[in-house]
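What follows is final-v3.txt (compact mmCIF, C-alpha atoms).
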```
# COMPACT_ATOMS: atom_id res chain seq x y z
CA MET H 1 104.06 86.95 111.34
CA PRO H 2 104.90 90.46 110.87
CA ARG H 3 103.74 90.08 107.35
CA ARG H 4 102.39 93.52 106.81
CA LEU H 5 101.97 96.92 108.19
CA LEU H 6 98.33 97.19 108.31
CA ALA H 7 96.46 99.46 106.17
CA LEU H 8 93.43 100.77 107.79
CA VAL H 9 94.19 100.39 111.33
CA ALA H 10 95.11 101.52 114.50
CA ALA H 11 96.20 99.33 117.05
CA VAL H 12 96.97 101.13 120.08
CA ALA H 13 98.55 98.53 122.18
CA THR H 14 101.03 100.13 124.44
CA LEU H 15 104.69 99.49 123.91
CA THR H 16 104.79 97.72 127.20
CA ALA H 17 101.90 95.50 126.35
CA LEU H 18 103.58 94.60 123.12
CA GLY H 19 106.79 93.74 124.81
CA VAL H 20 108.59 96.88 123.84
CA ALA H 21 110.17 98.33 126.91
CA SER H 22 111.63 101.71 127.51
CA PRO H 23 113.58 102.89 124.49
CA ALA H 24 116.23 104.35 126.74
CA ALA H 25 117.97 101.00 126.86
CA ALA H 26 118.67 100.78 123.14
CA GLU H 27 122.17 100.23 121.87
CA PRO H 28 123.68 101.30 118.56
CA LEU H 29 124.19 98.72 115.85
CA GLU H 30 127.27 97.66 114.00
CA SER H 31 130.70 97.97 115.54
CA GLY H 32 131.63 101.09 117.45
CA PRO H 33 132.77 102.96 119.23
CA TRP H 34 129.63 105.03 118.83
CA THR H 35 128.95 108.28 120.58
CA ALA H 36 125.38 109.24 121.27
CA TYR H 37 124.34 112.73 120.37
CA SER H 38 121.15 114.75 120.28
CA PRO H 39 120.81 116.85 117.15
CA SER H 40 118.40 119.72 117.19
CA PHE H 41 115.27 119.51 115.10
CA SER H 42 112.42 121.56 113.74
CA VAL H 43 108.83 120.45 113.39
CA GLN H 44 107.33 120.68 109.94
CA GLU H 45 103.56 120.80 109.53
CA ARG H 46 102.30 121.38 106.03
CA GLY H 47 98.86 120.96 104.58
CA CYS H 48 96.89 118.67 106.83
CA GLY H 49 99.96 117.50 108.72
CA VAL H 50 99.75 117.62 112.50
CA VAL H 51 102.57 116.86 114.92
CA ASN H 52 101.93 116.17 118.56
CA GLY H 53 105.15 115.08 120.25
CA LEU H 54 106.11 111.87 118.45
CA THR H 55 102.68 111.35 116.92
CA PHE H 56 102.53 112.38 113.28
CA GLN H 57 99.20 112.68 111.49
CA LEU H 58 97.97 113.42 108.03
CA THR H 59 94.35 114.19 108.71
CA CYS H 60 93.12 114.48 105.13
CA SER H 61 92.87 112.25 102.11
CA THR H 62 94.03 114.95 99.74
CA ALA H 63 96.10 113.34 97.00
CA SER H 64 97.91 116.51 95.97
CA GLY H 65 99.95 119.29 97.48
CA ASP H 66 102.31 119.30 100.40
CA GLN H 67 100.95 117.13 103.19
CA ARG H 68 103.53 116.48 105.85
CA ALA H 69 104.02 116.03 109.56
CA GLU H 70 107.69 115.55 110.29
CA ARG H 71 110.71 116.28 112.39
CA ARG H 72 113.64 117.67 110.43
CA TYR H 73 116.96 117.18 112.23
CA ALA H 74 120.15 119.19 112.02
CA THR H 75 122.42 118.83 109.01
CA TYR H 76 125.57 116.69 109.26
CA SER H 77 128.41 116.34 106.80
CA THR H 78 131.12 114.32 108.51
CA GLY H 79 131.60 110.94 110.15
CA VAL H 80 129.38 107.88 110.29
CA ARG H 81 125.87 108.53 111.56
CA GLN H 82 123.32 106.13 112.89
CA PHE H 83 119.61 106.73 113.33
CA GLU H 84 117.38 104.45 115.33
CA GLY H 85 113.65 104.67 115.84
CA TYR H 86 110.55 102.56 116.28
CA PHE H 87 107.32 103.31 114.46
CA ARG H 88 103.80 102.08 114.80
CA ILE H 89 101.18 102.89 112.21
CA THR H 90 98.11 103.36 114.29
CA SER H 91 95.84 104.37 111.43
CA MET H 92 96.35 104.39 107.68
CA PRO H 93 93.34 104.47 105.43
CA GLY H 94 95.60 106.18 102.91
CA THR H 95 98.64 104.84 101.10
CA ARG H 96 102.24 105.55 100.08
CA ILE H 97 103.24 107.52 103.10
CA SER H 98 106.92 108.20 103.69
CA LEU H 99 108.02 107.40 107.22
CA LYS H 100 111.75 108.13 107.36
CA GLN H 101 114.09 110.00 105.09
CA THR H 102 117.80 110.67 104.84
CA PHE H 103 118.04 113.90 102.95
CA GLY H 104 121.00 114.93 100.86
CA PRO H 105 122.13 118.23 99.44
CA SER H 106 120.14 117.69 96.28
CA GLY H 107 116.98 116.20 97.72
CA PRO H 108 115.93 112.99 99.40
CA PHE H 109 118.83 110.55 99.45
CA PHE H 110 116.76 107.74 100.90
CA MET H 111 113.03 107.57 101.61
CA LEU H 112 111.36 104.73 103.48
CA ALA H 113 107.64 104.56 102.81
CA VAL H 114 104.69 102.28 103.36
CA GLU H 115 101.83 101.60 101.01
CA ARG H 116 98.34 100.40 101.69
CA GLY H 117 98.45 96.71 102.23
CA GLY H 118 101.61 96.87 104.21
CA ARG H 119 104.62 96.92 101.93
CA LEU H 120 107.64 98.88 103.13
CA TYR H 121 109.58 100.20 100.19
CA ALA H 122 112.27 102.60 99.07
CA VAL H 123 110.54 105.44 97.27
CA HIS H 124 113.38 105.88 94.78
CA GLY H 125 113.51 102.67 92.83
CA GLY H 126 110.55 101.12 94.53
CA THR H 127 112.54 98.30 96.10
CA THR H 128 110.57 96.33 98.63
CA LEU H 129 112.30 96.42 101.98
CA ALA H 130 109.89 94.30 103.93
CA THR H 131 106.34 93.14 103.80
CA GLY H 132 105.78 94.88 107.03
CA ALA H 133 104.64 94.09 110.47
CA THR H 134 101.36 93.33 112.05
CA VAL H 135 99.35 96.39 112.72
CA GLY H 136 99.77 97.47 116.25
CA ALA H 137 103.18 95.92 116.49
CA THR H 138 106.25 98.08 116.45
CA VAL H 139 108.80 98.16 113.63
CA ARG H 140 112.41 99.06 114.32
CA VAL H 141 114.35 101.15 111.83
CA ASN H 142 118.10 101.75 111.84
CA THR H 143 119.97 103.65 109.19
CA VAL H 144 123.76 103.84 109.08
CA HIS H 145 125.27 106.47 106.85
CA ASN H 146 128.99 106.84 106.19
CA THR H 147 129.54 110.32 104.83
CA GLY H 148 133.11 109.37 103.88
CA ASN H 149 132.18 106.85 101.20
CA GLY H 150 128.48 107.59 100.85
CA ALA H 151 127.37 104.14 102.00
CA HIS H 152 123.86 104.14 103.45
CA ARG H 153 122.31 101.02 104.93
CA THR H 154 118.78 100.55 106.19
CA TYR H 155 117.88 97.86 108.70
CA ILE H 156 114.30 96.81 109.37
CA ASN H 157 113.90 94.82 112.56
CA GLY H 158 117.61 94.13 112.61
CA SER H 159 117.93 92.88 109.03
CA ASN H 160 119.68 94.80 106.28
CA ARG H 161 116.98 95.52 103.72
CA HIS H 162 118.51 98.27 101.64
CA SER H 163 121.98 99.52 100.75
CA GLN H 164 123.06 102.34 98.51
CA THR H 165 126.06 104.54 97.93
CA GLY H 166 126.75 107.89 96.44
CA GLY H 167 126.35 111.52 97.24
CA SER H 168 128.36 113.99 99.22
CA GLY H 169 127.74 117.15 101.16
CA GLY H 170 125.32 117.87 103.94
CA TYR H 171 122.67 115.40 105.03
CA TYR H 172 119.92 115.28 107.59
CA ASP H 173 117.40 112.85 109.00
CA LYS H 174 113.64 113.31 108.86
CA PHE H 175 110.88 111.10 110.15
CA GLY H 176 107.14 111.29 110.62
CA ALA H 177 104.44 111.03 107.98
CA TYR H 178 104.77 112.59 104.55
CA ARG H 179 102.57 112.16 101.49
CA THR H 180 104.64 110.91 98.57
CA ASN H 181 103.83 112.07 95.06
CA SER H 182 101.59 109.06 94.50
CA GLY H 183 100.24 108.86 98.03
CA ALA H 184 97.45 110.21 100.19
CA GLY H 185 96.43 110.19 103.82
CA PRO H 186 94.93 109.89 106.28
CA ALA H 187 97.60 108.27 108.36
CA THR H 188 98.76 108.33 111.93
CA VAL H 189 102.25 107.20 112.81
CA VAL H 190 103.66 107.04 116.32
CA TRP H 191 107.43 107.04 116.67
CA SER H 192 109.37 106.14 119.79
CA GLY H 193 112.87 105.38 120.96
CA VAL H 194 114.50 107.79 118.54
CA GLN H 195 118.25 108.00 119.05
CA PHE H 196 121.31 109.15 117.14
CA TRP H 197 124.93 108.04 117.27
CA GLN H 198 128.08 109.01 115.42
CA LYS H 199 131.64 107.82 115.04
CA MET T 1 97.39 73.33 120.77
CA LYS T 2 99.73 70.52 120.34
CA ALA T 3 101.42 69.19 123.40
CA LEU T 4 104.21 67.31 121.72
CA PRO T 5 107.52 68.76 122.70
CA VAL T 6 110.03 68.61 119.93
CA LEU T 7 113.46 67.60 121.04
CA LEU T 8 116.07 69.46 119.11
CA ALA T 9 119.53 68.16 119.60
CA LEU T 10 121.43 71.24 118.61
CA ALA T 11 124.12 72.49 120.85
CA VAL T 12 123.48 75.58 122.87
CA ALA T 13 126.24 77.33 121.04
CA GLY T 14 124.12 80.39 120.64
CA CYS T 15 123.37 81.17 124.21
CA GLY T 16 126.31 83.44 124.76
CA ALA T 17 127.70 84.35 128.12
CA ALA T 18 126.36 82.45 131.08
CA PRO T 19 124.04 84.50 133.29
CA SER T 20 125.27 85.41 136.70
CA THR T 21 122.11 84.10 138.31
CA PRO T 22 120.08 81.04 137.40
CA GLU T 23 117.30 81.74 134.97
CA PRO T 24 113.78 80.81 136.03
CA ALA T 25 112.45 77.55 134.72
CA THR T 26 110.37 78.06 131.61
CA ALA T 27 108.51 75.68 129.39
CA VAL T 28 110.25 76.97 126.29
CA ARG T 29 114.03 76.61 125.99
CA LEU T 30 115.57 78.67 123.23
CA THR T 31 118.94 78.48 121.50
CA ALA T 32 120.42 80.85 118.94
CA THR T 33 123.07 79.80 116.45
CA LEU T 34 125.12 81.84 114.01
CA THR T 35 124.71 80.01 110.74
CA THR T 36 126.81 82.63 108.96
CA PRO T 37 128.51 85.67 110.48
CA ILE T 38 125.31 87.67 110.00
CA ASP T 39 122.52 85.08 110.00
CA ILE T 40 121.02 83.65 113.16
CA ARG T 41 118.83 80.59 113.47
CA LEU T 42 116.61 80.20 116.50
CA GLU T 43 115.39 76.83 117.65
CA TRP T 44 113.49 75.95 120.74
CA THR T 45 111.96 73.06 122.58
CA GLY T 46 108.90 72.77 124.73
CA GLU T 47 105.72 74.70 124.88
CA GLU T 48 103.46 76.12 127.49
CA ALA T 49 100.33 74.09 128.04
CA GLY T 50 97.31 75.70 126.47
CA ALA T 51 99.20 78.23 124.35
CA THR T 52 97.29 79.25 121.24
CA GLY T 53 100.24 80.94 119.57
CA GLN T 54 103.64 82.41 120.23
CA ILE T 55 105.82 85.33 119.26
CA VAL T 56 109.55 85.63 118.77
CA GLU T 57 111.13 88.91 119.76
CA PHE T 58 114.59 90.45 119.49
CA ALA T 59 116.53 93.22 121.14
CA THR T 60 120.08 94.47 120.90
CA ALA T 61 120.35 94.98 124.64
CA PRO T 62 119.49 92.32 127.20
CA GLU T 63 116.85 94.48 128.84
CA GLY T 64 115.21 95.47 125.57
CA PRO T 65 113.43 97.25 124.04
CA TRP T 66 111.96 94.11 122.49
CA THR T 67 110.50 94.01 119.00
CA ILE T 68 108.23 91.31 117.65
CA LEU T 69 109.71 89.49 114.68
CA GLN T 70 106.91 87.04 114.01
CA PHE T 71 103.60 85.68 115.22
CA MET T 72 103.66 81.91 114.99
CA PRO T 73 101.46 78.90 115.54
CA PRO T 74 102.19 77.01 118.75
CA GLU T 75 103.84 74.11 116.94
CA GLN T 76 106.55 76.20 115.26
CA ARG T 77 110.02 75.50 116.64
CA ALA T 78 112.46 77.53 114.53
CA TYR T 79 112.96 80.99 113.09
CA GLU T 80 115.62 82.46 110.79
CA HIS T 81 116.75 86.04 111.33
CA PRO T 82 118.78 86.98 108.23
CA ASP T 83 121.17 89.66 106.99
CA LEU T 84 121.78 91.12 110.39
CA MET T 85 123.75 94.11 111.46
CA PRO T 86 127.37 93.07 111.76
CA GLN T 87 129.22 93.03 115.05
CA THR T 88 126.06 93.63 116.99
CA PRO T 89 124.66 91.73 119.98
CA PHE T 90 121.28 90.12 119.39
CA HIS T 91 119.06 88.85 122.18
CA TYR T 92 116.00 86.70 121.55
CA ARG T 93 113.07 85.32 123.46
CA VAL T 94 109.92 83.37 122.66
CA ARG T 95 106.68 84.26 124.40
CA PRO T 96 103.60 82.04 124.39
CA LEU T 97 100.24 83.62 123.77
CA HIS T 98 97.06 82.40 125.38
CA GLY T 99 93.41 83.18 124.95
CA PRO T 100 90.22 82.14 123.17
CA ALA T 101 88.94 83.41 119.85
CA SER T 102 85.51 84.49 118.81
CA SER T 103 83.44 82.71 116.25
CA GLU T 104 84.53 83.53 112.72
CA VAL T 105 82.81 85.72 110.18
CA ASP T 106 83.14 85.59 106.42
CA VAL T 107 83.89 88.78 104.48
CA ARG T 108 83.33 89.19 100.76
CA PHE T 109 84.36 92.29 98.82
CA THR T 110 83.10 93.13 95.39
CA GLY T 111 84.18 95.71 92.86
CA VAL T 112 87.57 97.16 92.17
CA PRO T 113 89.90 97.12 95.15
CA TYR T 114 91.78 100.04 96.57
CA PRO T 115 89.97 103.11 95.28
CA GLU T 116 91.99 106.18 95.89
CA PRO T 117 90.80 107.93 99.00
CA ALA T 118 89.14 111.22 98.27
CA ASN T 119 88.08 113.33 101.16
CA VAL T 120 86.36 110.48 102.88
CA ASP T 121 85.73 110.30 106.58
CA VAL T 122 87.41 107.17 107.88
CA ALA T 123 87.16 107.89 111.56
CA TRP T 124 85.09 104.75 111.91
CA ALA T 125 88.25 102.74 111.37
CA ASP T 126 90.07 103.94 114.43
CA PRO T 127 90.26 101.39 117.21
CA ARG T 128 87.94 102.30 120.02
CA ARG T 129 85.73 101.04 122.74
CA LEU T 130 82.18 101.42 121.61
CA PRO T 131 79.92 103.46 123.84
CA GLY T 132 77.90 101.24 126.06
CA ALA T 133 80.17 98.25 125.58
CA ARG T 134 79.95 96.18 128.70
CA ALA T 135 83.08 95.62 130.68
CA GLY T 136 84.40 92.14 130.39
CA GLY T 137 84.02 90.21 133.59
CA HIS T 138 85.69 86.90 132.88
CA PRO T 139 89.40 86.20 133.42
CA LEU T 140 91.36 84.67 130.58
CA ARG T 141 93.78 83.03 132.95
CA GLY T 142 92.77 79.66 134.18
CA GLY T 143 90.85 78.58 131.11
CA GLY T 144 88.58 81.45 130.42
CA ALA T 145 86.38 80.23 127.60
CA ALA T 146 83.74 82.65 128.84
CA ALA T 147 86.20 85.48 128.23
CA ALA T 148 86.21 84.89 124.48
CA PRO T 149 84.98 87.81 122.37
CA THR T 150 81.40 87.34 121.22
CA ASP T 151 79.00 88.96 118.81
CA LEU T 152 81.69 89.56 116.19
CA LYS T 153 80.24 91.49 113.29
CA ALA T 154 81.87 92.50 110.02
CA THR T 155 80.46 95.44 108.09
CA VAL T 156 81.93 96.16 104.68
CA MET T 157 82.42 99.92 104.55
CA THR T 158 84.21 100.49 101.24
CA ARG T 159 85.43 98.41 98.34
CA ASP T 160 88.34 97.17 100.44
CA ALA T 161 87.69 98.08 104.06
CA VAL T 162 85.66 96.36 106.71
CA LEU T 163 84.60 97.36 110.21
CA PHE T 164 84.77 94.74 112.95
CA THR T 165 82.89 95.07 116.20
CA TRP T 166 82.67 92.60 119.06
CA ALA T 167 81.78 92.25 122.72
CA ASP T 168 84.57 92.36 125.27
CA ASN T 169 84.08 89.60 127.80
CA ALA T 170 87.60 89.45 129.23
CA SER T 171 88.77 91.17 132.37
CA ASP T 172 92.51 90.66 132.01
CA GLU T 173 93.40 90.67 128.33
CA ALA T 174 96.68 92.17 127.08
CA GLY T 175 94.86 93.05 123.90
CA TYR T 176 93.04 91.58 120.94
CA LEU T 177 94.36 89.95 117.79
CA VAL T 178 92.37 90.18 114.58
CA GLU T 179 93.08 86.95 112.72
CA VAL T 180 92.43 86.19 109.07
CA ARG T 181 92.23 83.07 106.93
CA PRO T 182 91.83 83.77 103.22
CA ASP T 183 89.66 81.37 101.29
CA GLY T 184 91.73 78.33 100.42
CA ALA T 185 94.36 78.99 103.07
CA ALA T 186 94.96 76.40 105.73
CA ALA T 187 96.19 78.59 108.51
CA TRP T 188 95.03 81.62 110.41
CA THR T 189 97.42 84.54 110.62
CA VAL T 190 97.40 87.74 112.64
CA ALA T 191 96.24 90.76 110.68
CA MET T 192 96.40 93.34 113.45
CA MET T 193 96.59 93.76 117.16
CA VAL T 194 94.75 96.28 119.25
CA ASP T 195 94.64 97.45 122.84
CA PRO T 196 92.74 95.85 125.66
CA ASP T 197 89.11 96.94 125.91
CA VAL T 198 88.91 97.83 122.21
CA THR T 199 85.67 96.60 120.67
CA SER T 200 85.71 98.24 117.22
CA VAL T 201 88.35 98.60 114.52
CA GLY T 202 88.57 98.87 110.75
CA LEU T 203 90.85 96.93 108.44
CA THR T 204 91.80 97.32 104.80
CA ALA T 205 92.00 93.92 103.19
CA LEU T 206 94.96 92.77 101.17
CA PRO T 207 94.19 91.46 97.68
CA GLU T 208 94.25 87.86 98.87
CA GLU T 209 91.84 88.68 101.67
CA ARG T 210 88.96 89.87 99.54
CA ARG T 211 87.30 86.55 100.29
CA ALA T 212 88.33 85.52 103.76
CA SER T 213 87.24 84.57 107.24
CA PHE T 214 88.11 86.68 110.25
CA ARG T 215 87.97 86.21 113.98
CA VAL T 216 89.08 88.13 117.06
CA ARG T 217 91.11 86.64 119.87
CA ALA T 218 91.57 87.98 123.39
CA TYR T 219 95.12 87.21 124.50
CA TYR T 220 97.66 87.40 127.26
CA HIS T 221 101.34 86.52 127.38
CA GLY T 222 102.61 83.37 128.97
CA ALA T 223 106.03 82.91 130.52
CA SER T 224 108.91 84.00 128.33
CA SER T 225 111.56 81.56 127.29
CA ASN T 226 115.12 82.05 128.37
CA VAL T 227 116.91 84.83 126.53
CA ALA T 228 119.34 83.53 123.91
CA HIS T 229 122.19 85.76 122.84
CA ARG T 230 124.58 85.88 119.93
CA THR T 231 126.85 88.60 118.57
CA THR T 232 127.15 88.81 114.82
CA GLY T 233 130.48 88.90 113.04
CA LEU T 234 131.71 90.79 110.05
CA SER T 235 129.38 91.15 107.12
CA ARG T 236 129.84 89.00 104.07
```
Let's see the structure in the file written out as structure tokens.
Amino acid sequence: MPRRLLALVAAVATLTALGVASPAAAEPLESGPWTAYSPSFSVQERGCGVVNGLTFQLTCSTASGDQRAERRYATYSTGVRQFEGYFRITSMPGTRISLKQTFGPSGPFFMLAVERGGRLYAVHGGTTLATGATVGATVRVNTVHNTGNGAHRTYINGSNRHSQTGGSGGYYDKFGAYRTNSGAGPATVVWSGVQFWQK
Amino acid sequence: MKALPVLLALAVAGCGAAPSTPEPATAVRLTATLTTPIDIRLEWTGEEAGATGQIVEFATAPEGPWTILQFMPPEQRAYEHPDLMPQTPFHYRVRPLHGPASSEVDVRFTGVPYPEPANVDVAWADPRRLPGARAGGHPLRGGGAAAAPTDLKATVMTRDAVLFTWADNASDEAGYLVEVRPDGAAAWTVAMMVDPDVTSVGLTALPEERRASFRVRAYYHGASSNVAHRTTGLSR
């Protein structure tokens, strides 16, 4: 029962032990043909944010200011783009931490966040996307974004949990751990299997 | 665990292309059926003797990576995977879980739940092996009641967080499951999973768990079912 992303925890079971094999074998979702690509990225550490490879930590419980540990990928403005990644919350005494964002020209276009107790939600609008996954287990995230018509879909563990349209211009993907306006750390999030495709 | 195999008479329409080599015999036989172009229903028969639970996993490539969709009691025989990505291959398998649980402990929280964190040190919550914890010396495989975690203790640390510690008696565990049964609930569910050799971890209770029982289970995976495969169609 992946019924929640655990709050205060930190399961550290290895991906292999949990049945998650090498991410290199992943395939894009929805119909193709998709072309894999590797956008460049920058690491953003603000406040008490710490990035170590694909481990993203907010080390403080400060409920104000800019607290972020993220990767910010290169801007795109054409085609259909797909992001795939797997996250594990290995510690989250805090709450309302954004995990993945699709940023638009005028700010965050879509923000996936988790709150204490395990609810995955869309920050803008507050829609519940899923009630999470068992702590220590791995949650798969795919976003598909058509820049032509603005359609943006978010899949959690294969199921479409959020759809929206609108916007135009340049976009980019971000993931890691970021304190939302109503949130606070600490939190540790480990990402894996991050891949990008376009068509 | 119940040993009553449930015979499901559904066709194996969901199994997709035939494998080029015979699959190994497994106790659990899984089928996947498209109930709509983007909804898949899994059903399976059989169970592995002695299993204390099971997980259903999916992948979009036959070799993985696999992601757990649900922890389930051993008697469950079906799972619905809804609103799927269109025109995408989905592969599924069911894996039995084995292993004994500790004795249970009751946890009672008082006061207002979920105080906002404010510069508190919560390092105690990280999963870890406590210094001096003895190495488990009993194999889970082959019965292994002696490999069950013992000395489970629950220490309420905040208005909504509790620290669990236990003794590791297993030599071959894949990890530990922290299981919870809220007061009034009939079933145990998995609240978190941690690495092998961990003997200490913190948990923040959900609102319904402010009066609940907890236990810790050492586990290992049994033999996987066959892999069932379906490709979704166009979205609705």
*Please, which residues of chain T lie no more than 7 Å from chain H when the count uses all atoms listed in the file, and can they be set out as a VMD selection string?*
chain T and resid 60 to 61 63 to 72 82 to 88 117 to 120 122 125 to 127 174 to 175 190 to 195 201 to 204 206
_Who sits within 9 Å of stretch 68-83 of chain H, all atoms listed in the file, same chain under 3 positions skipped, as a PyMOL selection string_ = chain H and resi 28-29+34+39-51+54-58+99-100+103+141-148+168-179+194-199
*Which value, in Å to one decimal, gives the distance between atom CA of T:Thr31 and atom CA of T:His98?*
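These two atoms are separated by 22.6 Å.
Put simply, atom CA of T:Ala154 is 11.5 Å away from atom CA of T:Phe109.
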*For atom CA of H:Asn181 and atom CA of H:Ser64, the interatomic separation in Å (one decimal)*: 7.5 Å
_Taking only C-alpha atoms into account, name the residue in T:Pro89, T:Gly50, T:Pro139, T:Gly144 that is nearest to T:Glu75._
T:Gly50
_Distance query T:Arg181 at most 12 Å, only C-alpha atoms, self and fewer than 2 positions along chain excluded, as a list in words_ =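 Answer for this query is Glu104, Val105, Asp106, Val107, Val178, Glu179, Asp183, Gly184, Ala185, Ala186, Ala187, Trp188, Thr189, Val190, Ala191, Ala205, Leu206, Glu208, Glu209, Arg210, Arg211, Ala212, Ser213, Phe214, Arg215 and Val216 of chain T.
Distance check against T:Glu48 using all atoms listed in the file: of T:Ala27, T:Ala218, T:Ala135, T:Leu34, the minimum falls on T:Ala27.
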*Compute the distance from (82.0, 97.5, 119.8) to each atom, counting all atoms listed in the file, keep the residues with any atom at most 7 Å away, and return them as a list in words; use the coordinates of the file.*
Arg129, Leu130, Ala133, Thr165, Trp166, Ala167, Thr199 and Ser200 of chain T
